[in-house]
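What's in final-v3.txt: compact mmCIF, N, CA and C atoms and all ligand atoms
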# COMPACT_ATOMS: atom_id res chain seq x y z
N ALA A 229 99.16 111.98 104.61
CA ALA A 229 98.02 111.38 105.32
C ALA A 229 98.52 110.47 106.43
N ALA A 230 97.60 110.12 107.32
CA ALA A 230 97.95 109.21 108.42
C ALA A 230 97.56 107.78 108.03
N ILE A 231 98.54 106.92 108.05
CA ILE A 231 98.34 105.52 107.66
C ILE A 231 98.79 104.62 108.80
N SER A 232 97.92 103.67 109.14
CA SER A 232 98.24 102.74 110.22
C SER A 232 98.46 101.35 109.64
N VAL A 233 99.52 100.69 110.09
CA VAL A 233 99.78 99.32 109.67
C VAL A 233 99.55 98.42 110.88
N LEU A 234 98.62 97.49 110.76
CA LEU A 234 98.26 96.62 111.89
C LEU A 234 98.62 95.17 111.56
N ASN A 235 99.32 94.55 112.47
CA ASN A 235 99.75 93.16 112.29
C ASN A 235 99.23 92.29 113.41
N GLY A 236 98.67 91.14 113.03
CA GLY A 236 98.07 90.23 113.98
C GLY A 236 99.04 89.25 114.62
N PRO A 237 98.49 88.20 115.23
CA PRO A 237 99.25 87.29 116.07
C PRO A 237 100.37 86.55 115.34
N ASN A 238 101.44 86.36 116.05
CA ASN A 238 102.62 85.59 115.64
C ASN A 238 103.49 86.29 114.60
N LEU A 239 103.06 87.45 114.14
CA LEU A 239 103.88 88.17 113.15
C LEU A 239 105.10 88.81 113.81
N ASN A 240 105.10 88.88 115.14
CA ASN A 240 106.32 89.29 115.86
C ASN A 240 107.42 88.24 115.70
N LEU A 241 107.05 87.03 115.26
CA LEU A 241 108.04 85.96 115.10
C LEU A 241 108.59 85.85 113.68
N LEU A 242 108.25 86.81 112.82
CA LEU A 242 108.76 86.76 111.44
C LEU A 242 110.28 86.70 111.45
N GLY A 243 110.82 85.92 110.51
CA GLY A 243 112.27 85.70 110.47
C GLY A 243 112.57 84.31 110.98
N LEU A 244 111.84 83.98 112.07
CA LEU A 244 112.03 82.70 112.75
C LEU A 244 110.93 81.73 112.33
N ARG A 245 109.76 82.31 112.09
CA ARG A 245 108.55 81.53 111.92
C ARG A 245 108.41 81.00 110.49
N GLU A 246 108.38 79.69 110.31
CA GLU A 246 108.12 79.05 109.02
C GLU A 246 108.60 79.90 107.83
N PRO A 247 109.93 80.08 107.70
CA PRO A 247 110.44 80.96 106.64
C PRO A 247 110.01 80.54 105.23
N GLY A 248 109.72 79.26 105.05
CA GLY A 248 109.22 78.79 103.74
C GLY A 248 107.91 79.47 103.36
N HIS A 249 107.10 79.79 104.35
CA HIS A 249 105.84 80.49 104.08
C HIS A 249 105.99 82.00 104.19
N TYR A 250 106.78 82.44 105.19
CA TYR A 250 106.73 83.86 105.54
C TYR A 250 108.01 84.63 105.25
N GLY A 251 109.05 83.94 104.74
CA GLY A 251 110.29 84.63 104.39
C GLY A 251 111.20 84.82 105.58
N VAL A 252 112.34 85.46 105.34
CA VAL A 252 113.37 85.59 106.38
C VAL A 252 113.43 86.99 106.97
N LYS A 253 112.68 87.92 106.39
CA LYS A 253 112.68 89.27 106.94
C LYS A 253 111.93 89.30 108.26
N THR A 254 112.41 90.12 109.18
CA THR A 254 111.72 90.28 110.47
C THR A 254 110.66 91.38 110.31
N LEU A 255 109.78 91.46 111.31
CA LEU A 255 108.77 92.52 111.27
C LEU A 255 109.44 93.89 111.38
N ALA A 256 110.56 93.94 112.11
CA ALA A 256 111.32 95.21 112.23
C ALA A 256 111.87 95.61 110.85
N ASP A 257 112.32 94.64 110.06
CA ASP A 257 112.79 94.94 108.70
C ASP A 257 111.65 95.55 107.87
N ILE A 258 110.48 94.93 107.98
CA ILE A 258 109.32 95.40 107.21
C ILE A 258 108.95 96.81 107.66
N GLN A 259 108.92 97.00 108.98
CA GLN A 259 108.59 98.32 109.53
C GLN A 259 109.57 99.38 109.01
N HIS A 260 110.84 99.03 109.03
CA HIS A 260 111.88 99.97 108.61
C HIS A 260 111.69 100.38 107.15
N SER A 261 111.48 99.42 106.27
CA SER A 261 111.35 99.81 104.85
C SER A 261 110.05 100.56 104.59
N LEU A 262 108.97 100.22 105.33
CA LEU A 262 107.72 100.97 105.15
C LEU A 262 107.86 102.41 105.64
N GLU A 263 108.57 102.59 106.75
CA GLU A 263 108.76 103.94 107.28
C GLU A 263 109.53 104.81 106.30
N LYS A 264 110.55 104.21 105.67
CA LYS A 264 111.32 104.94 104.66
C LYS A 264 110.44 105.35 103.48
N GLN A 265 109.64 104.36 103.02
CA GLN A 265 108.74 104.59 101.88
C GLN A 265 107.70 105.66 102.22
N ALA A 266 107.14 105.58 103.44
CA ALA A 266 106.11 106.55 103.87
C ALA A 266 106.68 107.96 103.91
N LYS A 267 107.90 108.08 104.38
CA LYS A 267 108.55 109.38 104.48
C LYS A 267 108.70 110.00 103.09
N LEU A 268 109.15 109.19 102.14
CA LEU A 268 109.31 109.67 100.76
C LEU A 268 107.98 110.13 100.17
N LEU A 269 106.91 109.45 100.56
CA LEU A 269 105.57 109.77 100.02
C LEU A 269 104.85 110.81 100.87
N ASN A 270 105.52 111.27 101.94
CA ASN A 270 104.94 112.30 102.80
C ASN A 270 103.75 111.85 103.65
N HIS A 271 103.78 110.61 104.09
CA HIS A 271 102.71 110.11 104.96
C HIS A 271 103.25 109.86 106.37
N GLN A 272 102.34 109.94 107.35
CA GLN A 272 102.69 109.61 108.73
C GLN A 272 102.27 108.17 108.97
N LEU A 273 103.26 107.34 109.22
CA LEU A 273 102.98 105.91 109.39
C LEU A 273 103.02 105.53 110.87
N SER A 274 102.01 104.77 111.30
CA SER A 274 102.13 104.15 112.62
C SER A 274 102.05 102.64 112.42
N PHE A 275 102.92 101.93 113.10
CA PHE A 275 103.11 100.50 112.84
C PHE A 275 102.88 99.72 114.12
N HIS A 276 102.04 98.71 114.09
CA HIS A 276 101.68 97.97 115.31
C HIS A 276 101.65 96.46 115.06
N GLN A 277 101.92 95.73 116.10
CA GLN A 277 101.71 94.27 116.08
C GLN A 277 101.08 93.88 117.39
N ASN A 278 100.06 93.02 117.32
CA ASN A 278 99.47 92.55 118.55
C ASN A 278 99.00 91.11 118.44
N ASN A 279 99.17 90.37 119.51
CA ASN A 279 98.77 88.96 119.50
C ASN A 279 97.33 88.75 119.97
N ALA A 280 96.73 89.79 120.52
CA ALA A 280 95.40 89.63 121.12
C ALA A 280 94.33 90.33 120.27
N GLU A 281 93.24 89.63 120.06
CA GLU A 281 92.15 90.16 119.23
C GLU A 281 91.60 91.48 119.78
N HIS A 282 91.38 91.54 121.09
CA HIS A 282 90.78 92.76 121.64
C HIS A 282 91.70 93.96 121.46
N ASP A 283 93.03 93.72 121.49
CA ASP A 283 93.96 94.84 121.28
C ASP A 283 93.90 95.36 119.85
N ILE A 284 93.68 94.46 118.90
CA ILE A 284 93.58 94.90 117.50
C ILE A 284 92.27 95.66 117.28
N VAL A 285 91.20 95.18 117.91
CA VAL A 285 89.93 95.93 117.86
C VAL A 285 90.15 97.35 118.39
N GLU A 286 90.87 97.45 119.51
CA GLU A 286 91.11 98.79 120.09
C GLU A 286 92.03 99.63 119.22
N LEU A 287 92.98 99.00 118.53
CA LEU A 287 93.84 99.76 117.62
C LEU A 287 93.02 100.35 116.48
N VAL A 288 92.02 99.62 116.02
CA VAL A 288 91.13 100.15 114.97
C VAL A 288 90.34 101.33 115.53
N HIS A 289 89.83 101.19 116.76
CA HIS A 289 89.10 102.31 117.39
C HIS A 289 90.01 103.53 117.55
N HIS A 290 91.26 103.28 117.98
CA HIS A 290 92.21 104.39 118.15
C HIS A 290 92.51 105.04 116.81
N ALA A 291 92.60 104.23 115.77
CA ALA A 291 92.85 104.77 114.44
C ALA A 291 91.73 105.76 114.09
N TYR A 292 90.50 105.40 114.44
CA TYR A 292 89.37 106.29 114.18
C TYR A 292 89.48 107.58 115.00
N THR A 293 89.76 107.42 116.28
CA THR A 293 89.90 108.58 117.17
C THR A 293 91.01 109.51 116.69
N ASN A 294 92.08 108.92 116.18
CA ASN A 294 93.22 109.71 115.73
C ASN A 294 93.12 110.14 114.27
N ALA A 295 91.92 109.98 113.69
CA ALA A 295 91.67 110.41 112.31
C ALA A 295 92.63 109.77 111.29
N VAL A 296 92.93 108.51 111.51
CA VAL A 296 93.76 107.78 110.55
C VAL A 296 92.99 107.64 109.24
N ASP A 297 93.67 107.90 108.12
CA ASP A 297 93.01 107.93 106.81
C ASP A 297 92.93 106.56 106.15
N PHE A 298 93.87 105.70 106.50
CA PHE A 298 93.95 104.42 105.77
C PHE A 298 94.63 103.38 106.66
N ILE A 299 94.16 102.15 106.55
CA ILE A 299 94.76 101.05 107.32
C ILE A 299 95.29 99.99 106.35
N ILE A 300 96.49 99.50 106.64
CA ILE A 300 97.02 98.30 105.99
C ILE A 300 97.04 97.25 107.07
N ILE A 301 96.34 96.15 106.86
CA ILE A 301 96.22 95.16 107.93
C ILE A 301 96.57 93.75 107.46
N ASN A 302 97.43 93.10 108.22
CA ASN A 302 97.62 91.66 108.09
C ASN A 302 97.03 91.06 109.36
N PRO A 303 95.78 90.61 109.30
CA PRO A 303 95.14 90.11 110.52
C PRO A 303 95.68 88.75 110.97
N ALA A 304 96.60 88.17 110.17
CA ALA A 304 97.20 86.85 110.48
C ALA A 304 96.08 85.84 110.74
N ALA A 305 96.19 85.02 111.78
CA ALA A 305 95.19 83.96 111.99
C ALA A 305 93.78 84.53 112.20
N PHE A 306 93.69 85.78 112.68
CA PHE A 306 92.36 86.38 112.88
C PHE A 306 91.63 86.63 111.56
N THR A 307 92.39 86.60 110.45
CA THR A 307 91.78 86.69 109.12
C THR A 307 90.62 85.71 109.00
N HIS A 308 90.87 84.51 109.53
CA HIS A 308 89.96 83.40 109.30
C HIS A 308 88.94 83.22 110.41
N THR A 309 89.00 84.10 111.42
CA THR A 309 88.14 83.89 112.60
C THR A 309 87.41 85.13 113.11
N SER A 310 87.92 86.34 112.80
CA SER A 310 87.49 87.47 113.64
C SER A 310 86.37 88.33 113.07
N VAL A 311 85.17 88.05 113.55
CA VAL A 311 84.03 88.93 113.26
C VAL A 311 84.23 90.27 113.99
N ALA A 312 84.88 90.23 115.15
CA ALA A 312 85.06 91.45 115.96
C ALA A 312 85.95 92.48 115.25
N ILE A 313 87.04 92.04 114.64
CA ILE A 313 87.92 93.00 113.93
C ILE A 313 87.22 93.47 112.65
N ARG A 314 86.54 92.57 111.98
CA ARG A 314 85.74 92.97 110.81
C ARG A 314 84.75 94.08 111.19
N ASP A 315 84.03 93.85 112.29
CA ASP A 315 83.01 94.82 112.71
C ASP A 315 83.62 96.17 113.09
N ALA A 316 84.83 96.13 113.67
CA ALA A 316 85.52 97.39 114.02
C ALA A 316 85.83 98.18 112.75
N LEU A 317 86.27 97.48 111.71
CA LEU A 317 86.59 98.16 110.45
C LEU A 317 85.32 98.68 109.78
N LEU A 318 84.24 97.91 109.87
CA LEU A 318 82.97 98.36 109.31
C LEU A 318 82.44 99.57 110.07
N ALA A 319 82.57 99.54 111.40
CA ALA A 319 82.06 100.62 112.24
C ALA A 319 82.78 101.93 111.97
N THR A 320 84.10 101.85 111.82
CA THR A 320 84.89 103.07 111.69
C THR A 320 84.97 103.54 110.23
N LYS A 321 84.63 102.63 109.31
CA LYS A 321 84.63 102.94 107.86
C LYS A 321 86.00 103.41 107.36
N ILE A 322 87.06 103.05 108.05
CA ILE A 322 88.40 103.43 107.56
C ILE A 322 88.75 102.49 106.40
N PRO A 323 89.07 103.04 105.22
CA PRO A 323 89.42 102.16 104.10
C PRO A 323 90.69 101.37 104.40
N PHE A 324 90.72 100.13 103.94
CA PHE A 324 91.89 99.31 104.26
C PHE A 324 92.24 98.33 103.15
N ILE A 325 93.52 97.93 103.17
CA ILE A 325 94.01 96.87 102.29
C ILE A 325 94.43 95.71 103.19
N GLU A 326 94.04 94.51 102.79
CA GLU A 326 94.39 93.28 103.52
C GLU A 326 95.65 92.68 102.88
N VAL A 327 96.64 92.40 103.71
CA VAL A 327 97.91 91.85 103.22
C VAL A 327 98.21 90.51 103.89
N HIS A 328 98.68 89.57 103.12
CA HIS A 328 99.24 88.33 103.66
C HIS A 328 100.57 88.06 102.99
N LEU A 329 101.54 87.68 103.78
CA LEU A 329 102.86 87.34 103.23
C LEU A 329 102.78 86.11 102.34
N SER A 330 102.09 85.09 102.84
CA SER A 330 102.01 83.83 102.11
C SER A 330 100.81 83.84 101.18
N ASN A 331 100.83 82.92 100.22
CA ASN A 331 99.66 82.77 99.35
C ASN A 331 98.67 81.87 100.07
N VAL A 332 97.70 82.49 100.72
CA VAL A 332 96.75 81.74 101.55
C VAL A 332 95.90 80.77 100.73
N HIS A 333 95.87 80.97 99.41
CA HIS A 333 95.06 80.09 98.55
C HIS A 333 95.80 78.81 98.18
N ALA A 334 97.09 78.78 98.49
CA ALA A 334 97.90 77.61 98.14
C ALA A 334 98.22 76.77 99.38
N ARG A 335 97.45 77.00 100.46
CA ARG A 335 97.75 76.33 101.73
C ARG A 335 96.54 75.53 102.20
N GLU A 336 96.37 75.40 103.51
CA GLU A 336 95.24 74.62 104.01
C GLU A 336 93.93 75.30 103.61
N PRO A 337 92.90 74.50 103.34
CA PRO A 337 91.61 75.06 102.91
C PRO A 337 91.05 76.11 103.88
N PHE A 338 91.30 75.98 105.19
CA PHE A 338 90.71 76.95 106.13
C PHE A 338 91.27 78.35 105.96
N ARG A 339 92.41 78.46 105.23
CA ARG A 339 92.99 79.80 105.02
C ARG A 339 92.37 80.53 103.83
N LYS A 340 91.53 79.82 103.08
CA LYS A 340 90.93 80.46 101.90
C LYS A 340 89.87 81.47 102.29
N HIS A 341 89.22 81.24 103.43
CA HIS A 341 88.16 82.18 103.82
C HIS A 341 88.71 83.32 104.67
N SER A 342 88.34 84.53 104.29
CA SER A 342 88.74 85.71 105.06
C SER A 342 87.50 86.49 105.46
N TYR A 343 87.49 86.96 106.70
CA TYR A 343 86.41 87.84 107.16
C TYR A 343 86.60 89.28 106.70
N PHE A 344 87.66 89.53 105.90
CA PHE A 344 88.00 90.91 105.54
C PHE A 344 87.93 91.22 104.05
N SER A 345 88.18 90.19 103.23
CA SER A 345 88.39 90.45 101.79
C SER A 345 87.22 91.17 101.12
N ASP A 346 85.99 90.83 101.51
CA ASP A 346 84.83 91.42 100.81
C ASP A 346 84.61 92.87 101.19
N ILE A 347 85.22 93.34 102.27
CA ILE A 347 85.04 94.74 102.66
C ILE A 347 86.34 95.55 102.50
N ALA A 348 87.39 94.87 101.98
CA ALA A 348 88.68 95.55 101.78
C ALA A 348 88.67 96.32 100.46
N LYS A 349 89.51 97.38 100.38
CA LYS A 349 89.72 98.05 99.10
C LYS A 349 90.40 97.08 98.15
N GLY A 350 91.32 96.28 98.70
CA GLY A 350 92.03 95.29 97.91
C GLY A 350 92.74 94.31 98.80
N VAL A 351 93.18 93.23 98.21
CA VAL A 351 93.84 92.16 98.96
C VAL A 351 95.12 91.77 98.24
N ILE A 352 96.21 91.65 99.00
CA ILE A 352 97.49 91.24 98.42
C ILE A 352 97.96 90.02 99.19
N CYS A 353 98.31 88.95 98.49
CA CYS A 353 98.87 87.79 99.20
C CYS A 353 99.89 87.08 98.36
N GLY A 354 100.83 86.43 99.04
CA GLY A 354 101.79 85.56 98.36
C GLY A 354 103.06 86.25 97.91
N LEU A 355 103.19 87.55 98.18
CA LEU A 355 104.35 88.30 97.68
C LEU A 355 105.33 88.65 98.79
N GLY A 356 105.15 88.03 99.95
CA GLY A 356 106.06 88.28 101.06
C GLY A 356 106.02 89.72 101.52
N ALA A 357 107.17 90.21 102.02
CA ALA A 357 107.24 91.56 102.56
C ALA A 357 106.93 92.62 101.50
N THR A 358 107.18 92.30 100.24
CA THR A 358 106.87 93.23 99.15
C THR A 358 105.38 93.61 99.15
N GLY A 359 104.54 92.68 99.62
CA GLY A 359 103.10 92.95 99.66
C GLY A 359 102.76 94.19 100.47
N TYR A 360 103.50 94.40 101.57
CA TYR A 360 103.26 95.59 102.40
C TYR A 360 103.64 96.86 101.63
N GLU A 361 104.74 96.78 100.90
CA GLU A 361 105.19 97.95 100.13
C GLU A 361 104.21 98.28 99.01
N LEU A 362 103.70 97.23 98.36
CA LEU A 362 102.71 97.44 97.31
C LEU A 362 101.43 98.02 97.90
N ALA A 363 101.08 97.57 99.10
CA ALA A 363 99.87 98.09 99.76
C ALA A 363 100.03 99.57 100.07
N LEU A 364 101.21 99.96 100.52
CA LEU A 364 101.45 101.38 100.83
C LEU A 364 101.39 102.22 99.56
N GLN A 365 101.96 101.68 98.50
CA GLN A 365 101.92 102.38 97.21
C GLN A 365 100.46 102.55 96.74
N ALA A 366 99.66 101.50 96.89
CA ALA A 366 98.25 101.56 96.50
C ALA A 366 97.47 102.52 97.39
N ALA A 367 97.77 102.50 98.69
CA ALA A 367 97.10 103.42 99.62
C ALA A 367 97.38 104.86 99.22
N HIS A 368 98.63 105.12 98.87
CA HIS A 368 99.04 106.46 98.43
C HIS A 368 98.19 106.90 97.24
N GLN A 369 98.04 106.01 96.28
CA GLN A 369 97.27 106.33 95.08
C GLN A 369 95.78 106.54 95.41
N ILE A 370 95.22 105.67 96.23
CA ILE A 370 93.81 105.78 96.60
C ILE A 370 93.56 107.11 97.33
N LEU A 371 94.48 107.48 98.23
CA LEU A 371 94.32 108.72 98.99
C LEU A 371 94.48 109.94 98.08
N ALA A 372 95.33 109.84 97.09
CA ALA A 372 95.52 110.97 96.16
C ALA A 372 94.30 111.18 95.28
N GLU A 373 93.57 110.10 95.03
CA GLU A 373 92.41 110.17 94.13
C GLU A 373 91.13 110.58 94.84
N ARG A 374 91.14 110.62 96.17
CA ARG A 374 89.85 110.86 96.84
C ARG A 374 89.47 112.34 96.85
C1 LIG B 1 99.16 85.21 107.21
C2 LIG B 1 98.36 83.99 106.73
C3 LIG B 1 97.46 83.45 107.83
O1 LIG B 1 96.73 82.33 107.36
C4 LIG B 1 98.29 83.02 109.01
O2 LIG B 1 97.46 82.59 110.07
C5 LIG B 1 99.24 84.07 109.47
C6 LIG B 1 99.91 84.91 108.49
C7 LIG B 1 100.20 85.68 106.16
O3 LIG B 1 100.70 86.77 106.30
O4 LIG B 1 100.51 84.92 105.23
O5 LIG B 1 99.52 84.19 110.66
O6 LIG B 1 98.25 86.29 107.43
Have the structure of the file written as structure tokens, please.
Amino acid sequence: AAISVLNGPNLNLLGLREPGHYGVKTLADIQHSLEKQAKLLNHQLSFHQNNAEHDIVELVHHAYTNAVDFIIINPAAFTHTSVAIRDALLATKIPFIEVHLSNVHAREPFRKHSYFSDIAKGVICGLGATGYELALQAAHQILAER
């Protein structure tokens, strides 16, 4: 199946950015291990990072146009702000899993609210880069069961 991984703002700085919260792996490290895992599971993975909200909205639209079956998304700060990305996911009806590297419930109160969790297939947070791998494993299972 076709699976798209979408990463929001500042995730291009992983490795450098607050390693206490986000770990020492870079986004390229995460991409590399997901691509390996996807290949083993026979999925076509596309991996993206964008700092701009409108670009992420368009990536969701492109996912629809390209018949992407499943989205794994870390909306980063847009988690807590973006009605536009939420609406894009609702409009396209592409099933998705929400991932956060850090445990958003153990941080500032404003990180507890997500515009995505209630419409996600599932939510993973606090497990670092492993969260993306678990999301891909879960996506594989959900797609096999449909
Ligand atoms: C994040 C958590 C968000 O609150 C934050 O704005 C991010 C990253 C995470 O992966 O833990 O940029 O989504």
All residues having an atom within 6 Å of ligand LIG 1 (chain B) (all atoms listed in the file) as number ranges by chain: A: 237-239, 302-306, 327-332, 339
Residue set, chain A restricted to helix (DSSP H, G or I), as a PyMOL selection string: chain A and resi 239-241+247-250+255-268+281-293+304-308+311-320+332-334+337-339+345-347+358-373
Among listed residues A:Ala230, A:Leu362, A:Ile352, A:Leu318, nearest His333 of chain A (using only C-alpha atoms):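 Nearest candidate to His333 of chain A out of A:Ala230, A:Leu362, A:Ile352, A:Leu318: A:Ile352.
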Distance of atom N of Asn240 of chain A from atom CA of Phe324 of chain A, expressed in Å to one decimal place: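 We find that atom CA of Phe324 of chain A and atom N of Asn240 of chain A lie 20.0 Å from each other.
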Near-segment 264-271 of chain A list (6.5 Å; all atoms listed in the file; drop same-chain fewer than 5 positions) as a list of chain:residue names: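 Returned residues: A:Ala229, A:Ala230, A:Ile231, A:Gln259.
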Residue with smallest distance to Ile325 of chain A - pool A:Phe275, A:Tyr343, A:Phe338, A:Phe298, counting only C-alpha atoms: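 Smallest distance to Ile325 of chain A is found for A:Phe298.
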Gap from atom C of Ala348 of chain A to atom CA of Leu262 of chain A - Å, one decimal: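 Those two atoms sit 20.2 Å apart.
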Closest of A:Thr320, A:Glu326, A:Ile301, A:Tyr292 to Cys353 of chain A - atom-to-atom distances counting all atoms listed in the file: A:Glu326
Would you place a box with edges along x, y and z of the file around all atoms of segment 262-268 of chain A listed there, add 5 Å to each of its six sides, and report the centre and edge lengths in Å to one decimal, as lines of an AutoDock Vina configuration file?
center_x = 108.7
center_y = 105.2
center_z = 103.7
size_x = 15.2
size_y = 19.9
size_z = 17.1
Among the residues A:Ile284, A:His276, A:Glu336, A:Ile258, the one that comes closest to Glu361 of chain A [using only N, CA and C atoms]: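 Residue with the minimum atom-to-atom distance to Glu361 of chain A: A:Ile258.
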Atom CA of Glu281 of chain A to atom CA of Ser310 of chain A, distance in Å rounded to a single decimal: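 If I compute the distance from atom CA of Glu281 of chain A to atom CA of Ser310 of chain A, I get 7.8 Å.
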Counting only N, CA and C atoms, the option among A:Val311, A:Val233, A:Ile299, A:Ala316 closest to Ser274 of chain A: A:Val233
Option closest in space to Glu286 of chain A, from A:Ile370, A:Ala334, A:Leu273, A:Asp315 [counting only C-alpha atoms]: A:Asp315
